[in-house]
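Participant: My structure is stored as model18.txt, with compact mmCIF, C-alpha atoms and all ligand atoms.
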# COMPACT_ATOMS: atom_id res chain seq x y z
CA MET A 1 259.96 31.12 -51.39
CA ARG A 2 258.89 33.95 -49.13
CA ALA A 3 261.47 35.07 -46.61
CA ALA A 4 262.15 37.94 -44.25
CA LEU A 5 265.23 39.64 -45.64
CA CYS A 6 267.62 41.94 -43.81
CA PRO A 7 268.98 43.89 -46.83
CA ARG A 8 271.39 46.01 -44.74
CA HIS A 9 272.25 46.13 -41.06
CA GLY A 10 269.97 48.26 -38.95
CA PRO A 11 266.98 48.30 -36.60
CA PRO A 12 264.13 45.76 -37.02
CA ASP A 13 262.29 48.02 -39.48
CA VAL A 14 264.87 47.36 -42.22
CA VAL A 15 263.62 43.75 -42.43
CA ARG A 16 261.13 43.18 -45.26
CA ILE A 17 259.41 40.23 -46.94
CA GLU A 18 260.78 39.17 -50.34
CA ASP A 19 260.70 36.25 -52.74
CA VAL A 20 264.15 34.65 -52.70
CA PRO A 21 265.54 31.36 -54.07
CA ALA A 22 265.26 28.43 -51.65
CA PRO A 23 268.68 27.51 -50.20
CA GLU A 24 270.22 24.19 -51.31
CA PRO A 25 271.27 21.66 -48.66
CA GLY A 26 274.95 20.69 -48.83
CA ALA A 27 276.62 17.58 -47.42
CA GLY A 28 275.43 16.87 -43.89
CA GLU A 29 272.57 19.36 -44.19
CA ILE A 30 268.80 19.14 -44.52
CA ARG A 31 266.21 21.50 -45.98
CA VAL A 32 263.23 22.06 -43.74
CA ASP A 33 259.74 23.29 -44.61
CA VAL A 34 259.53 25.82 -41.81
CA HIS A 35 256.20 25.81 -39.96
CA ALA A 36 257.20 28.05 -37.06
CA ALA A 37 260.23 30.08 -36.04
CA SER A 38 260.88 31.86 -32.80
CA VAL A 39 262.40 35.28 -32.36
CA ASN A 40 265.33 35.58 -30.00
CA PHE A 41 267.02 38.69 -28.67
CA PRO A 42 270.27 37.89 -30.57
CA ASP A 43 268.31 38.02 -33.87
CA VAL A 44 267.77 41.73 -33.20
CA LEU A 45 271.46 42.17 -32.43
CA ILE A 46 272.54 40.26 -35.59
CA CYS A 47 270.32 42.51 -37.76
CA ALA A 48 271.88 45.57 -36.11
CA ASN A 49 275.42 44.09 -36.55
CA GLU A 50 275.82 44.34 -32.78
CA TYR A 51 276.17 40.62 -32.02
CA GLN A 52 279.53 39.05 -31.19
CA LEU A 53 279.37 37.08 -34.47
CA LYS A 54 278.90 39.24 -37.58
CA VAL A 55 276.75 38.21 -40.56
CA PRO A 56 277.25 40.19 -43.79
CA ALA A 57 274.05 41.66 -45.34
CA PRO A 58 271.90 40.80 -47.18
CA PHE A 59 270.75 37.75 -45.21
CA VAL A 60 267.61 36.06 -43.89
CA PRO A 61 267.61 36.33 -40.09
CA GLY A 62 266.20 33.74 -37.69
CA SER A 63 268.02 31.24 -35.52
CA GLU A 64 265.37 28.83 -34.30
CA LEU A 65 262.81 26.83 -36.26
CA ALA A 66 260.50 23.85 -36.30
CA GLY A 67 259.08 22.10 -39.34
CA VAL A 68 259.26 19.08 -41.59
CA VAL A 69 262.31 17.71 -43.42
CA GLU A 70 261.79 18.47 -47.12
CA SER A 71 265.09 17.14 -48.53
CA VAL A 72 268.35 15.75 -47.22
CA GLY A 73 271.89 16.42 -48.40
CA GLU A 74 274.63 13.89 -48.98
CA GLY A 75 275.80 11.86 -46.01
CA VAL A 76 272.84 12.55 -43.73
CA ASP A 77 272.01 9.54 -41.57
CA GLY A 78 269.00 9.05 -39.34
CA LEU A 79 266.74 11.72 -40.85
CA ALA A 80 264.29 11.30 -43.72
CA VAL A 81 261.93 13.45 -45.75
CA GLY A 82 258.75 13.97 -43.72
CA ASP A 83 260.38 13.87 -40.26
CA ARG A 84 259.21 16.55 -37.82
CA VAL A 85 262.23 18.39 -36.40
CA PHE A 86 263.21 21.48 -34.46
CA GLY A 87 266.58 23.10 -34.22
CA THR A 88 268.88 26.07 -34.29
CA LEU A 89 271.04 27.81 -36.86
CA MET A 90 272.87 31.12 -37.04
CA VAL A 91 270.51 32.79 -39.56
CA GLY A 92 267.91 31.73 -42.14
CA ALA A 93 264.93 30.55 -40.10
CA PHE A 94 262.52 33.40 -40.95
CA ALA A 95 261.57 31.86 -44.31
CA GLU A 96 259.35 29.21 -45.81
CA GLN A 97 262.36 26.94 -46.17
CA ALA A 98 265.68 26.83 -44.37
CA VAL A 99 268.84 24.77 -44.58
CA VAL A 100 270.26 23.52 -41.32
CA GLY A 101 272.97 21.06 -40.27
CA ALA A 102 271.47 17.62 -39.65
CA THR A 103 273.21 17.47 -36.28
CA SER A 104 271.63 20.79 -35.26
CA VAL A 105 268.08 19.44 -35.22
CA THR A 106 266.18 17.15 -32.88
CA ARG A 107 263.09 15.11 -33.68
CA THR A 108 259.98 16.86 -32.41
CA PRO A 109 258.08 14.66 -29.93
CA ASP A 110 254.65 13.64 -31.34
CA ALA A 111 252.64 15.54 -28.75
CA ILE A 112 254.53 18.83 -29.30
CA SER A 113 253.29 21.35 -31.87
CA HIS A 114 255.64 23.09 -34.32
CA GLN A 115 255.12 26.38 -32.48
CA GLN A 116 255.96 24.85 -29.09
CA ALA A 117 259.02 23.14 -30.57
CA ALA A 118 260.25 26.34 -32.24
CA ALA A 119 259.90 28.21 -28.95
CA PHE A 120 261.70 25.59 -26.93
CA GLY A 121 265.29 25.25 -28.07
CA VAL A 122 267.31 28.35 -27.31
CA ALA A 123 265.58 29.66 -24.20
CA HIS A 124 264.99 26.37 -22.42
CA ARG A 125 268.39 24.94 -23.29
CA THR A 126 270.14 28.11 -22.14
CA ALA A 127 268.14 28.17 -18.92
CA TYR A 128 268.55 24.45 -18.22
CA HIS A 129 272.29 24.21 -18.80
CA SER A 130 272.80 27.40 -16.75
CA LEU A 131 270.82 26.01 -13.84
CA ARG A 132 271.74 22.36 -14.00
CA SER A 133 275.36 22.23 -15.18
CA VAL A 134 276.76 25.68 -14.44
CA ALA A 135 275.02 26.59 -11.17
CA ASP A 136 274.37 22.96 -10.11
CA VAL A 137 271.04 23.94 -8.53
CA ARG A 138 269.87 21.53 -5.82
CA PRO A 139 266.36 20.88 -4.48
CA GLY A 140 265.42 23.35 -1.75
CA GLU A 141 267.78 26.09 -2.94
CA GLU A 142 266.73 29.72 -3.39
CA VAL A 143 267.18 30.97 -6.98
CA ILE A 144 266.80 34.58 -8.14
CA VAL A 145 265.95 34.93 -11.85
CA LEU A 146 266.46 38.35 -13.46
CA GLY A 147 264.49 39.20 -16.61
CA ALA A 148 262.04 36.60 -15.35
CA GLY A 149 259.33 37.55 -17.86
CA GLY A 150 261.61 37.16 -20.89
CA GLY A 151 262.33 34.07 -22.97
CA VAL A 152 265.36 32.78 -21.06
CA GLY A 153 264.10 34.13 -17.73
CA LEU A 154 260.67 32.54 -17.86
CA ALA A 155 262.22 29.23 -18.93
CA ALA A 156 264.64 29.53 -16.00
CA VAL A 157 261.72 30.06 -13.61
CA GLN A 158 259.95 26.93 -14.87
CA LEU A 159 263.09 24.77 -14.91
CA ALA A 160 264.42 25.94 -11.52
CA VAL A 161 261.06 24.91 -10.05
CA ALA A 162 261.33 21.56 -11.90
CA LEU A 163 264.76 21.10 -10.25
CA GLY A 164 263.12 21.61 -6.84
CA ALA A 165 264.29 25.18 -6.18
CA THR A 166 262.29 28.09 -4.79
CA VAL A 167 262.28 31.00 -7.23
CA THR A 168 262.29 34.76 -6.74
CA ALA A 169 261.39 36.38 -10.06
CA VAL A 170 262.63 39.90 -10.89
CA ALA A 171 260.93 41.74 -13.74
CA SER A 172 259.68 45.16 -14.78
CA SER A 173 255.91 44.68 -14.87
CA THR A 174 252.99 43.01 -13.13
CA GLU A 175 252.22 41.04 -16.32
CA LYS A 176 255.73 39.58 -16.43
CA LEU A 177 255.66 38.74 -12.70
CA ASP A 178 252.22 37.13 -13.11
CA ALA A 179 253.60 34.94 -15.90
CA ALA A 180 256.52 33.93 -13.66
CA ALA A 181 254.15 33.17 -10.78
CA ALA A 182 252.01 31.03 -13.09
CA LEU A 183 255.11 28.95 -13.83
CA GLY A 184 255.88 28.48 -10.16
CA ALA A 185 257.83 31.52 -8.89
CA THR A 186 257.16 31.94 -5.16
CA HIS A 187 258.22 35.57 -4.88
CA GLY A 188 258.12 38.44 -7.37
CA VAL A 189 259.99 41.76 -7.29
CA ASN A 190 259.19 44.58 -9.70
CA HIS A 191 262.54 46.36 -10.10
CA ARG A 192 260.81 49.46 -11.50
CA ASP A 193 258.75 49.95 -8.33
CA ALA A 194 261.35 49.18 -5.70
CA ASP A 195 264.99 49.51 -4.78
CA LEU A 196 266.10 46.04 -5.91
CA ARG A 197 268.78 45.60 -3.25
CA ALA A 198 266.36 46.43 -0.41
CA ALA A 199 263.51 44.42 -1.93
CA LEU A 200 265.66 41.28 -2.31
CA LYS A 201 266.99 41.65 1.24
CA GLU A 202 263.43 41.81 2.53
CA THR A 203 262.29 38.86 0.36
CA LEU A 204 265.31 36.64 1.08
CA PRO A 205 266.74 37.70 4.47
CA ALA A 206 269.07 34.66 4.57
CA GLY A 207 270.24 35.30 1.01
CA ALA A 208 269.90 33.39 -2.24
CA ASP A 209 271.93 30.38 -3.36
CA VAL A 210 271.92 31.21 -7.07
CA VAL A 211 271.31 34.16 -9.40
CA ILE A 212 270.54 33.63 -13.10
CA ASP A 213 271.25 36.88 -14.98
CA PRO A 214 270.28 37.32 -18.65
CA VAL A 215 269.88 41.12 -18.23
CA GLY A 216 273.03 42.77 -16.84
CA GLY A 217 273.00 46.57 -16.55
CA THR A 218 272.07 48.00 -13.18
CA LEU A 219 270.32 44.84 -11.95
CA SER A 220 273.38 42.60 -11.65
CA GLU A 221 275.12 44.16 -8.66
CA PRO A 222 272.08 44.32 -6.34
CA ALA A 223 271.26 40.72 -7.31
CA LEU A 224 274.82 39.62 -6.55
CA ARG A 225 274.59 41.39 -3.19
CA ALA A 226 271.51 39.25 -2.44
CA LEU A 227 273.59 36.03 -2.54
CA ARG A 228 274.34 34.25 0.72
CA TYR A 229 277.97 33.37 1.55
CA GLY A 230 279.24 30.86 -1.04
CA GLY A 231 276.43 31.53 -3.53
CA ARG A 232 276.70 31.21 -7.32
CA PHE A 233 276.00 33.90 -9.94
CA VAL A 234 275.52 32.86 -13.58
CA VAL A 235 276.10 35.48 -16.29
CA VAL A 236 273.87 34.61 -19.27
CA GLY A 237 273.43 37.82 -21.23
CA PHE A 238 273.17 41.60 -21.30
CA ALA A 239 269.68 42.36 -22.59
CA ALA A 240 269.88 45.75 -20.85
CA GLY A 241 272.62 46.66 -23.33
CA GLU A 242 275.15 47.41 -20.61
CA ILE A 243 277.85 45.07 -19.29
CA PRO A 244 278.06 45.68 -15.55
CA ARG A 245 281.31 46.12 -13.63
CA ILE A 246 281.19 44.21 -10.36
CA PRO A 247 283.37 45.38 -7.43
CA LEU A 248 285.54 42.36 -6.62
CA ASN A 249 285.43 43.08 -2.90
CA LEU A 250 281.87 41.73 -3.02
CA VAL A 251 283.17 38.43 -4.37
CA LEU A 252 285.86 38.35 -1.70
CA LEU A 253 283.48 39.08 1.16
CA LYS A 254 280.76 36.70 -0.03
CA GLY A 255 283.06 33.87 -1.07
CA CYS A 256 280.76 33.60 -4.07
CA ARG A 257 281.42 32.27 -7.57
CA ILE A 258 280.61 34.23 -10.73
CA MET A 259 280.29 31.90 -13.71
CA GLY A 260 279.33 32.34 -17.35
CA PHE A 261 277.20 30.38 -19.76
CA GLU A 262 277.59 30.82 -23.51
CA PHE A 263 276.07 28.21 -25.75
CA ARG A 264 278.82 27.66 -28.32
CA SER A 265 281.60 27.55 -25.71
CA PHE A 266 279.55 25.22 -23.52
CA MET A 267 278.93 22.86 -26.46
CA THR A 268 282.64 22.82 -27.26
CA HIS A 269 284.09 22.49 -23.77
CA GLU A 270 281.42 20.72 -21.73
CA THR A 271 280.39 17.91 -24.08
CA ASP A 272 279.35 15.42 -21.38
CA ALA A 273 277.26 17.94 -19.47
CA MET A 274 275.74 19.10 -22.73
CA VAL A 275 274.68 15.59 -23.77
CA ARG A 276 273.30 14.80 -20.29
CA GLY A 277 271.40 18.09 -20.09
CA GLU A 278 269.92 17.76 -23.58
CA ALA A 279 268.59 14.27 -22.78
CA GLU A 280 267.11 15.40 -19.46
CA LEU A 281 265.53 18.44 -21.05
CA LEU A 282 263.99 16.46 -23.91
CA ALA A 283 262.47 14.10 -21.34
CA LEU A 284 261.02 17.10 -19.46
CA LEU A 285 259.60 18.43 -22.76
CA ALA A 286 258.03 15.11 -23.72
CA ALA A 287 256.57 14.78 -20.20
CA GLY A 288 255.03 18.24 -20.41
CA LYS A 289 257.18 19.53 -17.51
CA ALA A 290 259.08 21.97 -19.72
CA SER A 291 256.80 23.86 -22.05
CA PRO A 292 257.57 27.29 -23.41
CA HIS A 293 255.19 30.13 -22.66
CA ILE A 294 254.35 31.73 -26.03
CA GLY A 295 253.42 35.32 -25.23
CA ALA A 296 252.86 36.55 -28.80
CA THR A 297 252.53 35.12 -32.31
CA PHE A 298 253.13 37.06 -35.54
CA PRO A 299 252.73 36.00 -39.20
CA LEU A 300 255.94 35.87 -41.29
CA GLU A 301 254.82 39.12 -43.01
CA GLU A 302 255.18 40.91 -39.65
CA THR A 303 258.72 39.74 -38.88
CA ALA A 304 259.94 43.33 -38.44
CA ALA A 305 257.22 43.98 -35.83
CA ALA A 306 258.11 40.74 -34.04
CA LEU A 307 261.79 41.72 -33.92
CA ARG A 308 260.87 45.19 -32.64
CA TYR A 309 258.62 43.66 -29.97
CA VAL A 310 261.47 41.48 -28.70
CA GLY A 311 264.10 44.23 -29.05
CA ASP A 312 262.02 46.62 -26.98
CA GLY A 313 261.88 44.11 -24.10
CA ASN A 314 258.10 43.73 -24.38
CA ALA A 315 258.00 39.98 -24.94
CA ILE A 316 256.54 37.79 -22.24
CA GLY A 317 258.11 34.38 -22.69
CA LYS A 318 258.64 33.52 -26.33
CA VAL A 319 257.62 35.31 -29.53
CA VAL A 320 256.80 32.99 -32.42
CA LEU A 321 256.45 33.52 -36.18
CA ALA A 322 253.71 31.33 -37.64
CA VAL A 323 255.27 30.65 -41.04
CA ARG A 324 252.73 28.10 -42.35
N1 LIG B 1 274.56 32.91 -23.11
C1 LIG B 1 273.85 32.35 -24.08
O1 LIG B 1 274.21 31.33 -24.68
C2 LIG B 1 272.54 32.99 -24.42
C3 LIG B 1 271.54 32.24 -25.04
C4 LIG B 1 270.30 32.87 -25.30
C5 LIG B 1 270.12 34.21 -24.96
N2 LIG B 1 271.16 34.90 -24.39
C6 LIG B 1 271.04 36.31 -24.00
O2 LIG B 1 270.16 36.38 -22.90
C7 LIG B 1 269.51 37.66 -22.92
C8 LIG B 1 268.02 37.46 -22.75
O3 LIG B 1 267.51 36.77 -23.87
P1 LIG B 1 265.94 36.53 -23.95
O4 LIG B 1 265.70 35.70 -25.16
O5 LIG B 1 265.41 36.10 -22.64
O6 LIG B 1 265.43 38.02 -24.23
P2 LIG B 1 263.99 38.64 -23.92
O7 LIG B 1 262.95 37.61 -24.03
O8 LIG B 1 263.90 39.85 -24.76
O9 LIG B 1 264.12 39.07 -22.39
C9 LIG B 1 265.10 39.97 -21.96
C10 LIG B 1 264.66 40.67 -20.69
O10 LIG B 1 265.68 41.61 -20.38
C11 LIG B 1 265.11 42.75 -19.75
N3 LIG B 1 265.63 44.02 -20.29
C12 LIG B 1 266.18 45.00 -19.56
N4 LIG B 1 266.54 46.02 -20.34
C13 LIG B 1 266.22 45.69 -21.58
C14 LIG B 1 266.37 46.37 -22.82
N5 LIG B 1 266.96 47.58 -22.91
N6 LIG B 1 265.92 45.77 -23.93
C15 LIG B 1 265.38 44.52 -23.86
N7 LIG B 1 265.22 43.81 -22.70
C16 LIG B 1 265.63 44.41 -21.58
C17 LIG B 1 263.61 42.63 -19.90
O11 LIG B 1 263.15 42.26 -18.61
P3 LIG B 1 262.43 43.32 -17.65
O12 LIG B 1 261.49 44.12 -18.52
O13 LIG B 1 261.72 42.48 -16.70
O14 LIG B 1 263.53 44.13 -17.05
C18 LIG B 1 263.38 41.45 -20.86
O15 LIG B 1 262.26 40.69 -20.46
C19 LIG B 1 269.92 38.33 -24.22
O16 LIG B 1 270.94 39.24 -23.97
C20 LIG B 1 270.43 37.19 -25.08
O17 LIG B 1 271.38 37.63 -26.01
C21 LIG B 1 272.34 34.31 -24.10
Any chance you could give the structure as structure tokens?
Facilitator:
Amino acid sequence: MRAALCPRHGPPDVVRIEDVPAPEPGAGEIRVDVHAASVNFPDVLICANEYQLKVPAPFVPGSELAGVVESVGEGVDGLAVGDRVFGTLMVGAFAEQAVVGATSVTRTPDAISHQQAAAFGVAHRTAYHSLRSVADVRPGEEVIVLGAGGGVGLAAVQLAVALGATVTAVASSTEKLDAAAALGATHGVNHRDADLRAALKETLPAGADVVIDPVGGTLSEPALRALRYGGRFVVVGFAAGEIPRIPLNLVLLKGCRIMGFEFRSFMTHETDAMVRGEAELLALLAAGKASPHIGATFPLEETAAALRYVGDGNAIGKVVLAVR
């Protein structure tokens, strides 16, 4: 089968297309004919060996796919050859076939295309659990979303609006802010054009209830300063490449809560919230109220370019590999 191979750790350009043997499904696993895969920021980090979990090279990157079940391993219940599924794995999705744990996939609703399904899982689930279970966003609340043009950010804009919140999107370009506005953001702040602290104070004079932060770096502190007394700040990621240090006197003075969301820990420790959120999100997907914005599509042959595009922060919404 054709696959994008990362032969040694490095920047996206080390990834090349090769013919490799199809992986065999073990007990509890299925093999999927991959139709579409989406590129996530951590894929870039895994290739560079800069992610918190290390994968030895050579390996096929790719953590999110959608396709059709091609074979099932021993002990798999409830899934059969021919079922349309989407799901997540650590690596292996950027290939014509991938092996994934049967419990790591979900049936793709009939009305949802493979590309939409592949683009949905990581970003929308991260955004939804962060908003719904971690921040406990309520209708009428003011939510600031950093990185609002990116995969997680744009999903957070859409889902915060679906939860009844008013959204202030923060991003680096007019195109990204336009995409956020199209998904329901009421306000937009371009952090390249303005002093973020002053711009947020002007936009939200009474302060925000919640900040969703997948970016980190120099944006976090001014966003935290924009919280009202008792507000909530959710740390989701550090796409800027820099983990910010927050002066704790701000937390003391604002009586605010800084909370984290990390998928694997959430799955392990917050099982009930996870199950509830997944069911709610799937219903939103099937109802067309949660649909990923696919900003760019690349063929499998151009996986390196797709990874570079995401790694450089250029993606608007999701970037998808059309595998078949
Ligand atoms: N906690 C979890 O479980 C979880 C799950 C999924 C993702 N994440 C993390 O969340 C972060 C965002 O993921 P994503 O899929 O939304 O990524 P993305 O689509 O690439 O968006 C990231 C955004 O970060 C901003 N950014 C600032 N400096 C950047 C830089 N040096 N390089 C790239 N982007 C930069 C960009 O926004 P502007 O141009 O508007 O500034 C960009 O739109 C990543 O760090 C990822 O690892 C965490």
Participant: Give one line per residue of chain A that approaches ligand LIG 1 (chain B) to at most 6 Å, naming the two atoms of the closest pair and their distance in Å to one decimal, counting only C-alpha atoms and all ligand atoms; sort by chain then ascending residue number and deliver it as CSV.
Facilitator:
residue,atom,partner,partner_atom,distance
A:Asn40,CA,B:LIG1,O4,4.9
A:Phe41,CA,B:LIG1,O6,4.8
A:Pro42,CA,B:LIG1,O17,4.7
A:Val122,CA,B:LIG1,C4,5.8
A:Ala123,CA,B:LIG1,C4,5.8
A:Thr126,CA,B:LIG1,C3,5.2
A:Gly147,CA,B:LIG1,O11,3.9
A:Gly149,CA,B:LIG1,O15,5.0
A:Gly150,CA,B:LIG1,O7,3.4
A:Gly151,CA,B:LIG1,O5,3.7
A:Val152,CA,B:LIG1,O5,3.7
A:Gly153,CA,B:LIG1,O5,5.5
A:Ala171,CA,B:LIG1,O13,3.2
A:Ser172,CA,B:LIG1,O13,3.9
A:Pro214,CA,B:LIG1,C7,4.4
A:Val215,CA,B:LIG1,O10,4.7
A:Val236,CA,B:LIG1,N1,4.3
A:Gly237,CA,B:LIG1,O2,3.9
A:Phe238,CA,B:LIG1,O16,4.2
A:Ala239,CA,B:LIG1,O16,3.6
A:Ala240,CA,B:LIG1,N4,3.4
A:Gly241,CA,B:LIG1,N5,5.7
A:Phe261,CA,B:LIG1,N1,5.0
A:Glu262,CA,B:LIG1,O1,3.6
A:Phe263,CA,B:LIG1,O1,3.8
A:Val310,CA,B:LIG1,O8,4.9
A:Gly311,CA,B:LIG1,C15,5.4
A:Asp312,CA,B:LIG1,N6,5.0
A:Gly313,CA,B:LIG1,C15,3.5
A:Ala315,CA,B:LIG1,O7,5.6
A:Gly317,CA,B:LIG1,O7,6.0
Participant: Could you name the residues that touch Cys256 of chain A at 6 Å or less, counting only C-alpha atoms, but leaving out those on the same chain fewer than 2 positions away, as a PyMOL selection string?
Facilitator: chain A and resi 230-232+251+254
Participant: Need to verify the contact set: Val68 of chain A, 12 Å, only C-alpha atoms, exclusion of same-chain residues closer than 5 positions in sequence. Can you return it as a PyMOL selection string?
Facilitator: chain A and resi 30-36+79-87+96-100+105-108+113-114+117-118+324
Participant: List the spatial neighbours of Gly216 of chain A as a list in words - criterion: any atom at most 12 Å away, only C-alpha atoms, same-chain residues fewer than 2 positions off excluded.
Facilitator: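 Once the adjacent positions are removed, what remains is Val145, Leu146, Gly147, Val211, Ile212, Asp213, Pro214, Thr218, Leu219, Ser220, Glu221, Pro222, Ala223, Leu224, Phe233, Val234, Val235, Val236, Gly237, Phe238, Ala239, Ala240, Gly241, Glu242, Ile243, Pro244, Arg245 and Ile246 of chain A.
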Participant: Any idea what's packed within 9 Å of Thr166 of chain A, counting only C-alpha atoms, ignoring anything in its chain fewer than 4 positions away? Could you give it as a VMD selection string?
Facilitator: chain A and resid 139 to 144 160 to 161 184 to 187
Participant: Please report the interatomic distance between atom CA of Arg192 of chain A and atom CA of Thr174 of chain A in Å with one decimal.
Facilitator: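 About the pair atom CA of Arg192 of chain A and atom CA of Thr174 of chain A: they are 10.3 Å apart.
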Participant: Between atom CA of Leu281 of chain A and atom CA of His129 of chain A, what distance in Å does the model show, to one decimal?
Facilitator: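 Between atom CA of Leu281 of chain A and atom CA of His129 of chain A the gap works out to 9.2 Å.
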Participant: Just give me the gap between atom CA of Gly78 of chain A and atom CA of Pro109 of chain A in Å, one decimal is fine.
Facilitator: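 Between atom CA of Gly78 of chain A and atom CA of Pro109 of chain A the gap works out to 15.5 Å.
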Participant: I need the residue nearest Leu284 of chain A from this list: A:Val167, A:Leu159, A:Val323, A:Leu300. Use only C-alpha atoms for the distance.
Facilitator: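 Among the listed residues, the smallest separation from Leu284 of chain A belongs to A:Leu159.
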Participant: Identify which of the residues A:Pro21, A:Pro205, A:Pro292, A:Pro7 lies closest to Val157 of chain A, counting all atoms listed in the file when measuring atom-to-atom distances.
Facilitator: A:Pro292
Participant: Find, counting all atoms listed in the file, the residue in A:Val55, A:Val39, A:Val210, A:Val44 that gets nearest to Ala322 of chain A.
Facilitator: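 Closest to Ala322 of chain A, using all atoms listed in the file: A:Val39.
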Participant: Have a look at A:Phe94, A:Ala181, A:Gln115, A:Leu248 and name the one nearest to Ala66 of chain A; count all atoms listed in the file.
Facilitator: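 The closest residue to Ala66 of chain A is A:Gln115.
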Participant: Applying 8 Å and only C-alpha atoms, which residues near Pro58 of chain A remain after dropping the ones on its own chain fewer than 3 positions away? List them as a list in words.
Facilitator: Leu5, Cys6, Pro7 and Arg8 of chain A
Participant: I'd like to know which of A:Gln158, A:Thr297, A:Ser133, A:Thr203 is closest to Ala273 of chain A, using all atoms listed in the file.
Facilitator: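 Distance minimum relative to Ala273 of chain A lands on A:Ser133.
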Participant: From the options A:Arg138, A:Lys318, A:His124, A:Arg308, which residue's atoms come nearest to Leu45 of chain A, counting all atoms listed in the file?
Facilitator: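 Ranking A:Arg138, A:Lys318, A:His124, A:Arg308 by distance to Leu45 of chain A, first place goes to A:Arg308.
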